[in-house]
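Peer 1: The structure's right below; bear with me while I get my questions together.
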Amino acid sequence: MKRCFGLVSTVVAWFAFAASAPAQLSVDWRDGDLGGTADLVLRAPAGTVYIDILSLTEGPTCFGKKHPVGCIDVDLDYLDLSFQISGLLGAMNGSGELVVTVGVDSDPALDGLVVNQQLCSLVGGKFTAKSNVCKIVLGNPATWSHSLNVMTNDPAGIPAIPLPDGTLLLAGSGGANLDQCEVYEPCRQTLSVAASLAQGRAGHTVTQLADGRVLVAGGADVNLVVLSSAELYDAATGAWTTVGSLGTARVGHSAALLPDGRVLVVGGTTDVTDPVTAAISSLKTTEYFDPATLAFMAGPSLARPHAGHSAATLASGDVLIAGGGSFHKIFGIPIPDLSDKAQRFLVGSFTWASEVTMKKARVGASAILLADGRALLAGGIGGSILAPAQLDSSETFDPATSAFTLRGTMSLARSGMAMVRLDTTNLILVAGGETGTSVTTVLPTDVVEIWDPANGLFSAAANLPEPRAGAAGYLQQNHHAILFGGVGAPAAAAIYRD
């Protein structure tokens with residue numbers, strides 16, 4: 001343990017602890033790469049006298065009546081490190097947050113080592129309050145590992161939503177009835193079961209409201225019945241509440257939080273019996289959800305139907321809708337097609353701008369907002385409804401010009417990839433996806449690539465531990481990307497060290 005941090009030992013004298021009230025404490029961590037550093041993030045009210053304890057073993061360690069906190073949640077096997085590492089024992093600074101950076105040895109034997117961390121406040125040499133426990137996991141950079149426990153279901157095609165307490169919510173699309181939900185605790189790298197949805201669903205949208213509640217809307221049940229129902233999750237109570245229904249049942253739609261606090265629901269389809277039916281049943285209507293009234297109301301229509309389209313909220317708050325399944329009419333007969341059209345919802349006027357043309361028609365493409373304000377669309381299914389083909393191309397949308405530009409080519413044509421922007425480099429992690437075009441048999445891949453916004457090119461990265469299609473990607477505060485679920489995935493989440 002001492003060697004894994006590669007420290008020059010510094011002995012710090014104990015403080016003459018002044019009396020203070022128990023404080024709200026928390027810890028977090030970043031990086032932890034072998035041969036690099038680990039940042040231990042300590043938070044407490046200014047002036048709080050504290051000790052940060054590192055251990056290879058979880059507690060409890062109990063002290064009886066001697067310490068007001070009773071028990072702490074880590075062992076004291078390496079308590080001496082708190083005295084040796086500068087910053088792990090002291091009085092909290094005026095900002096209420098301290099980052100202690102320590103070196104990590106490059107010894108391969110340390111790969112996967114888990115170090116438990118807990119912060120305690122001290123009064124008169126006794127523990128008076130304690131923080132959460134964080135598990136610092138050491139490992140090699142640019143590699144994948146698994147979460148420390150597993151999921152109880154196999155969701156696909158839903159996002160991971162951050163809750164006010166720092167946990168992540170995965171809502172629906174998993175379990176026999178598609179109603180199961182889970183919460184991920186990043187500091188512990190653990191998943192736990194949350195309250196189930198009132199109505200199981202897949203192909204729905206999951207959107208966090210401005211007040212932290214989470215809206216689930218639409219989707220289809222296990223019998224492919226398209227739904228109009230919606231539910232709200234309140235992290236404070238851990239419960240779902242049914243709210244007003246959509247005006248039109250829809251699945252394969254998108255939803256985006258607007259600056260005024262409402263949610264814009266766009267497009268989708270009313271029938272997923274087969275791809276042709278889904279395309280000719282696609283919608284150009286939109287709806288607003290108002291969190292004040294818990295009801296939906298009609299919004300402005302698109303120029304044409306879009307289902308299974310890509311969507312990205314731009315830096316301005318405008319919403320980009322691109323591609324998807326659609327249809328046009330010839331002599332009144334609906335003809336299914338794949339759309340190469342995009343529209344931008346303008347939050348200043350609550351109207352849709354004129355259509356622009358993409359470089360490729362694509363459905364199921366992955367989309368992400370870049371650090372410079374552009375949006376990247378990659379992969380998806382092209383060709384035609386009757387002769388679909390996976391795409392390896394990518395393109396960017398520039399909001400300054402409202403135009404698309406063709407970018408680099410992936411090494412593998414695919415759709416439904418997880419894309420995460422790595423905050424230390426602004427590179428885009430493109431992981432997994434679907435390589436086939438069958439509606440009944442999914443062919444997931446473990447291929448991972450990195451897209452560079454500076455030159456628009458893809459380069460190879462370490463493959464996933466296992467193939468995944470439709471996984472939820474999220475960037476954690478410790479700079480590590482995490483992927484949940486997906487078709488073909490095991491129960492554990494996959495974590496990439498940036």
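Identifiers in this document derive from the order of the structure tokens: chains are assigned A, B, ..., residues are numbered from 1 separately in each chain, and ligands are numbered from 1 in order of occurrence.
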Write out as a VMD selection string all residues of range 176-366 of chain A that DSSP puts in helix (DSSP H, G or I) for this structure's backbone.

Peer 2: chain A and resid 275 to 280

Peer 1: Set the distance at 12 Å and use only C-alpha atoms: which residues neighbour His328 in chain A once local chain neighbours fewer than 6 positions away are removed? I'd like the list as an NGL selection string.

Peer 2: :A and (279-284 or 303-306 or 334-339)

Peer 1: Counting only C-alpha atoms, what are the residues of range 208-309 of chain A within 7 Å of range 189-203 of chain A, and for each of them which pair of atoms is the nearest and at what distance in Å, to one decimal? Sort the table by chain and rising number, as CSV.

Peer 2:
residue,atom,partner,partner_atom,distance
A:Gly219,CA,A:Gly203,CA,4.6
A:Ala220,CA,A:Arg201,CA,5.1
A:Asp221,CA,A:Arg201,CA,4.6
A:Gly238,CA,A:Ala195,CA,6.6
A:Ala239,CA,A:Ala195,CA,6.0
A:Trp240,CA,A:Leu197,CA,6.5
A:Val251,CA,A:Gly203,CA,5.5
A:Gly252,CA,A:Gly203,CA,5.3

Peer 1: Could you name the residues that touch Thr357 in chain A at 10 Å or less, counting only C-alpha atoms, but leaving out those on the same chain fewer than 3 positions away, as an mmCIF file with N, CA and C atoms, in the first residue's frame?

Peer 2:
data_model
loop_
_atom_site.group_PDB
_atom_site.id
_atom_site.type_symbol
_atom_site.label_atom_id
_atom_site.label_comp_id
_atom_site.auth_asym_id
_atom_site.auth_seq_id
_atom_site.Cartn_x
_atom_site.Cartn_y
_atom_site.Cartn_z
ATOM 1 N N ALA A 322 -31.864 14.862 -36.407
ATOM 2 C CA ALA A 322 -31.216 14.495 -37.671
ATOM 3 C C ALA A 322 -31.523 13.054 -38.057
ATOM 4 N N GLY A 323 -31.909 12.864 -39.323
ATOM 5 C CA GLY A 323 -32.081 11.534 -39.884
ATOM 6 C C GLY A 323 -33.260 10.786 -39.302
ATOM 7 N N SER A 339 -34.292 9.094 -43.764
ATOM 8 C CA SER A 339 -34.186 10.531 -43.979
ATOM 9 C C SER A 339 -32.739 11.017 -43.934
ATOM 10 N N ASP A 340 -32.422 11.946 -44.845
ATOM 11 C CA ASP A 340 -31.143 12.653 -44.785
ATOM 12 C C ASP A 340 -31.369 14.117 -44.412
ATOM 13 N N LYS A 341 -32.503 14.397 -43.808
ATOM 14 C CA LYS A 341 -32.846 15.763 -43.441
ATOM 15 C C LYS A 341 -32.667 15.985 -41.937
ATOM 16 N N ALA A 342 -32.365 17.215 -41.599
ATOM 17 C CA ALA A 342 -32.209 17.608 -40.196
ATOM 18 C C ALA A 342 -32.907 18.940 -39.984
ATOM 19 N N GLN A 343 -33.366 19.152 -38.759
ATOM 20 C CA GLN A 343 -33.960 20.424 -38.374
ATOM 21 C C GLN A 343 -33.464 20.827 -36.997
ATOM 22 N N LYS A 360 -25.322 11.944 -45.334
ATOM 23 C CA LYS A 360 -25.826 10.583 -45.494
ATOM 24 C C LYS A 360 -27.169 10.456 -44.796
ATOM 25 N N ALA A 361 -28.089 9.719 -45.405
ATOM 26 C CA ALA A 361 -29.303 9.333 -44.693
ATOM 27 C C ALA A 361 -28.916 8.252 -43.695
ATOM 28 N N SER A 402 -25.065 26.110 -39.824
ATOM 29 C CA SER A 402 -26.203 25.196 -40.020
ATOM 30 C C SER A 402 -25.938 24.224 -41.167
ATOM 31 N N ALA A 403 -24.714 23.724 -41.240
ATOM 32 C CA ALA A 403 -24.332 22.807 -42.324
ATOM 33 C C ALA A 403 -23.606 21.589 -41.761
ATOM 34 N N PHE A 404 -23.716 20.485 -42.503
ATOM 35 C CA PHE A 404 -23.026 19.248 -42.159
ATOM 36 C C PHE A 404 -21.757 19.118 -42.991
#

Peer 1: Need to verify the contact set: range 73-77 of chain A, 9 Å, only C-alpha atoms, exclusion of same-chain residues closer than 6 positions in sequence. Can you return it as a list in words?

Peer 2: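 Answer for this query is Ile53, Leu54, Ser55, Leu56, Thr57, Glu58, Gly59, Pro60, Thr61, Cys62, Asn116, Gln117, Gln118, Lys130, Asn132 and Val133 of chain A.
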
Peer 1: Which residues, written as a ChimeraX atom specification, have at least one atom at most 8 Å from range 379-396 of chain A, with only C-alpha atoms counted and residues fewer than 2 positions away on the same chain left out?

Peer 2: /A:275-276,336-338,359-366,374-377,398,404-416,435-437

Peer 1: Can you tell me how far CA of Asn463 in chain A sits from CA of Thr152 in chain A, in Å to one decimal?

Peer 2: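 Answer for the CA of Asn463 in chain A to CA of Thr152 in chain A separation: 24.0 Å.
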